[in-house]
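So this one's my_file29.pdb, PDB, C-alpha atoms and all ligand atoms:
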ATOM      1  CA  MET M   1     123.560  56.019  60.436  1.00  0.00           C
ATOM      2  CA  ASN M   2     123.281  58.368  63.289  1.00  0.00           C
ATOM      3  CA  GLN M   3     120.574  56.789  65.345  1.00  0.00           C
ATOM      4  CA  ARG M   4     121.998  57.644  68.663  1.00  0.00           C
ATOM      5  CA  LYS M   5     121.098  61.262  68.335  1.00  0.00           C
ATOM      6  CA  ASN M   6     117.615  60.525  67.216  1.00  0.00           C
ATOM      7  CA  PRO M   7     116.366  57.305  68.749  1.00  0.00           C
ATOM      8  CA  ILE M   8     113.180  55.920  67.367  1.00  0.00           C
ATOM      9  CA  THR M   9     110.063  56.402  69.365  1.00  0.00           C
ATOM     10  CA  PRO M  10     108.114  53.512  70.861  1.00  0.00           C
ATOM     11  CA  LEU M  11     105.527  54.124  68.171  1.00  0.00           C
ATOM     12  CA  GLN M  12     108.008  53.724  65.355  1.00  0.00           C
ATOM     13  CA  ARG M  13     109.348  50.609  66.916  1.00  0.00           C
ATOM     14  CA  VAL M  14     105.938  49.011  67.170  1.00  0.00           C
ATOM     15  CA  LEU M  15     105.034  50.019  63.657  1.00  0.00           C
ATOM     16  CA  GLU M  16     108.109  48.326  62.314  1.00  0.00           C
ATOM     17  CA  LEU M  17     107.010  45.060  63.822  1.00  0.00           C
ATOM     18  CA  LEU M  18     103.413  45.096  62.756  1.00  0.00           C
ATOM     19  CA  PRO M  19     102.245  43.694  59.463  1.00  0.00           C
ATOM     20  CA  ASP M  20     100.609  45.834  56.852  1.00  0.00           C
ATOM     21  CA  VAL M  21     100.687  49.177  58.640  1.00  0.00           C
ATOM     22  CA  ARG M  22      98.716  51.957  57.048  1.00  0.00           C
ATOM     23  CA  PRO M  23      98.146  55.510  58.126  1.00  0.00           C
ATOM     24  CA  SER M  24      94.680  56.323  59.325  1.00  0.00           C
ATOM     25  CA  ARG M  25      92.863  59.313  60.674  1.00  0.00           C
ATOM     26  CA  ILE M  26      93.717  58.542  64.237  1.00  0.00           C
ATOM     27  CA  GLY M  27      97.204  57.309  63.657  1.00  0.00           C
ATOM     28  CA  TYR M  28      97.761  53.950  62.031  1.00  0.00           C
ATOM     29  CA  VAL M  29      96.005  50.709  61.463  1.00  0.00           C
ATOM     30  CA  ALA M  30      97.586  47.318  60.983  1.00  0.00           C
ATOM     31  CA  LEU M  31      96.796  43.667  60.923  1.00  0.00           C
ATOM     32  CA  CYS M  32      96.512  42.496  64.475  1.00  0.00           C
ATOM     33  CA  PRO M  33      99.241  39.966  65.177  1.00  0.00           C
ATOM     34  CA  ALA M  34      97.355  38.519  68.126  1.00  0.00           C
ATOM     35  CA  HIS M  35      94.504  37.032  66.155  1.00  0.00           C
ATOM     36  CA  ASP M  36      93.884  35.877  62.644  1.00  0.00           C
ATOM     37  CA  ASP M  37      93.286  39.258  61.167  1.00  0.00           C
ATOM     38  CA  ASN M  38      92.653  40.133  57.578  1.00  0.00           C
ATOM     39  CA  ARG M  39      91.029  43.512  57.859  1.00  0.00           C
ATOM     40  CA  ALA M  40      93.416  45.672  59.829  1.00  0.00           C
ATOM     41  CA  SER M  41      91.561  45.539  63.116  1.00  0.00           C
ATOM     42  CA  LEU M  42      94.373  47.009  65.068  1.00  0.00           C
ATOM     43  CA  SER M  43      94.539  50.720  65.563  1.00  0.00           C
ATOM     44  CA  ILE M  44      97.729  52.294  66.731  1.00  0.00           C
ATOM     45  CA  GLY M  45      98.108  55.734  68.133  1.00  0.00           C
ATOM     46  CA  GLU M  46     100.509  57.752  70.180  1.00  0.00           C
ATOM     47  CA  GLY M  47      99.666  59.240  73.542  1.00  0.00           C
ATOM     48  CA  ASN M  48     100.604  62.691  74.630  1.00  0.00           C
ATOM     49  CA  ASP M  49     103.459  61.325  76.646  1.00  0.00           C
ATOM     50  CA  GLY M  50     104.802  59.326  73.749  1.00  0.00           C
ATOM     51  CA  ARG M  51     103.410  55.971  74.738  1.00  0.00           C
ATOM     52  CA  VAL M  52     101.943  53.667  72.162  1.00  0.00           C
ATOM     53  CA  LEU M  53      98.212  53.172  72.236  1.00  0.00           C
ATOM     54  CA  LEU M  54      96.971  49.901  70.808  1.00  0.00           C
ATOM     55  CA  HIS M  55      93.425  48.863  70.254  1.00  0.00           C
ATOM     56  CA  CYS M  56      92.185  45.757  68.529  1.00  0.00           C
ATOM     57  CA  PHE M  57      88.604  45.929  67.401  1.00  0.00           C
ATOM     58  CA  ALA M  58      88.353  42.184  67.708  1.00  0.00           C
ATOM     59  CA  GLY M  59      89.012  42.532  71.395  1.00  0.00           C
ATOM     60  CA  CYS M  60      92.560  41.344  71.809  1.00  0.00           C
ATOM     61  CA  HIS M  61      94.297  42.428  74.919  1.00  0.00           C
ATOM     62  CA  VAL M  62      97.108  44.856  74.536  1.00  0.00           C
ATOM     63  CA  ALA M  63      99.401  42.456  76.328  1.00  0.00           C
ATOM     64  CA  ASP M  64      98.656  39.779  73.753  1.00  0.00           C
ATOM     65  CA  ILE M  65      99.278  42.125  70.885  1.00  0.00           C
ATOM     66  CA  VAL M  66     102.539  43.260  72.359  1.00  0.00           C
ATOM     67  CA  ALA M  67     103.611  39.698  73.009  1.00  0.00           C
ATOM     68  CA  ALA M  68     102.797  38.773  69.432  1.00  0.00           C
ATOM     69  CA  THR M  69     105.165  41.415  68.155  1.00  0.00           C
ATOM     70  CA  GLY M  70     107.925  40.149  70.390  1.00  0.00           C
ATOM     71  CA  LEU M  71     107.972  43.255  72.510  1.00  0.00           C
ATOM     72  CA  GLU M  72     107.070  43.803  76.115  1.00  0.00           C
ATOM     73  CA  MET M  73     104.598  46.160  77.650  1.00  0.00           C
ATOM     74  CA  ARG M  74     107.320  48.483  78.779  1.00  0.00           C
ATOM     75  CA  ASP M  75     108.411  48.869  75.193  1.00  0.00           C
ATOM     76  CA  LEU M  76     105.241  50.821  74.607  1.00  0.00           C
ATOM     77  CA  PHE M  77     106.471  53.567  76.841  1.00  0.00           C
ATOM     78  CA  PRO M  78     109.157  56.070  76.137  1.00  0.00           C
ATOM     79  CA  ARG M  79     112.262  55.656  78.169  1.00  0.00           C
ATOM     80  CA  THR M  80     112.281  57.846  81.164  1.00  0.00           C
ATOM     81  CA  ARG M  81     115.585  59.381  81.811  1.00  0.00           C
ATOM     82  CA  ASN M  82     114.998  60.603  85.298  1.00  0.00           C
ATOM     83  CA  ARG M  83     115.278  57.219  86.860  1.00  0.00           C
ATOM     84  CA  SER M  84     118.796  57.410  88.101  1.00  0.00           C
ATOM     85  CA  PRO M  85     120.286  60.590  86.884  1.00  0.00           C
ATOM     86  CA  ARG M  86     123.954  60.482  87.373  1.00  0.00           C
ATOM     87  CA  ARG M  87     125.165  63.826  88.185  1.00  0.00           C
ATOM     88  CA  GLY M  88     128.663  64.246  89.247  1.00  0.00           C
ATOM     89  CA  GLY M  89     129.916  66.548  86.620  1.00  0.00           C
ATOM     90  CA  LYS M  90     131.372  68.996  89.031  1.00  0.00           C
ATOM     91  CA  HIS M  91     134.299  66.945  90.058  1.00  0.00           C
ATOM     92  CA  HIS M  92     136.382  67.437  87.069  1.00  0.00           C
ATOM     93  CA  GLY M  93     139.281  69.268  88.535  1.00  0.00           C
ATOM     94  CA  PRO M  94     142.432  67.474  89.508  1.00  0.00           C
ATOM     95  CA  HIS M  95     142.307  66.534  93.084  1.00  0.00           C
ATOM     96  CA  ALA M  96     145.351  66.352  95.187  1.00  0.00           C
TER      97      ALA M  96
HETATM   98 ZN    ZN M 101      93.357  41.233  67.562  1.00  0.00          ZN
END
Output the structure of this file as structure tokens.
Ligand SMILES: [Zn+2]
Amino acid sequence: MNQRKNPITPLQRVLELLPDVRPSRIGYVALCPAHDDNRASLSIGEGNDGRVLLHCFAGCHVADIVAATGLEMRDLFPRTRNRSPRRGGKHHGPHA
């Protein structure tokens, strides 16, 4: 497996944890893990910036849904790389 080159997106990660995921027009639907769902009330989409959009038609809060999957809110967002960019690539020569 070569997952380092192609890390899964937040969406894929969430989908893996949700029960009974099915594709829908707007993205996916699944059984909502935050309430006793039997009709796929949870819709899952992906925002333009790669974040996961969750909406439960029964009115569950996103935080509750996320908690029920074992993830955290920040897991819905793609990792930003520009937090502490380490650049120091220019010092490669041997220094005396
Ligand atoms: Zn729900």
Closest-contact table, chain M side, partner ligand ZN 101 (chain M), 9 Å, counting all atoms listed in the file, as CSV:
residue,atom,partner,partner_atom,distance
M:Leu31,CA,M:ZN101,ZN,7.9
M:Cys32,CA,M:ZN101,ZN,4.6
M:Pro33,CA,M:ZN101,ZN,6.5
M:Ala34,CA,M:ZN101,ZN,4.9
M:His35,CA,M:ZN101,ZN,4.6
M:Asp36,CA,M:ZN101,ZN,7.3
M:Asp37,CA,M:ZN101,ZN,6.7
M:Ala40,CA,M:ZN101,ZN,8.9
M:Ser41,CA,M:ZN101,ZN,6.4
M:Leu42,CA,M:ZN101,ZN,6.4
M:His55,CA,M:ZN101,ZN,8.1
M:Cys56,CA,M:ZN101,ZN,4.8
M:Phe57,CA,M:ZN101,ZN,6.7
M:Ala58,CA,M:ZN101,ZN,5.1
M:Gly59,CA,M:ZN101,ZN,5.9
M:Cys60,CA,M:ZN101,ZN,4.3
M:His61,CA,M:ZN101,ZN,7.5
M:Val62,CA,M:ZN101,ZN,8.7
M:Asp64,CA,M:ZN101,ZN,8.3
M:Ile65,CA,M:ZN101,ZN,6.8
Practice task
For M:Ile44, work out the shell of residues within 12 Å, counting all atoms listed in the file and skipping chain neighbours fewer than 6 positions away, then give it as a PyMOL selection string.
Solution key: chain M and resi 10-16+18+21-32+51-57+62+65-66+76
Exercise for the section: Please evaluate the PyMOL selection byres (((chain M and resi 78) around 8) and not hetatm) against the structure above and give the resulting residues as a VMD selection string. Expected result: chain M and resid 9 to 10 49 to 51 75 to 77 79 to 80
Practice task
Can you work out the spacing between atom CA of M:Glu72 and atom CA of M:Asn38 in Å, to one decimal?
Solution key: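 Between atom CA of M:Glu72 and atom CA of M:Asn38 the gap is 23.8 Å.
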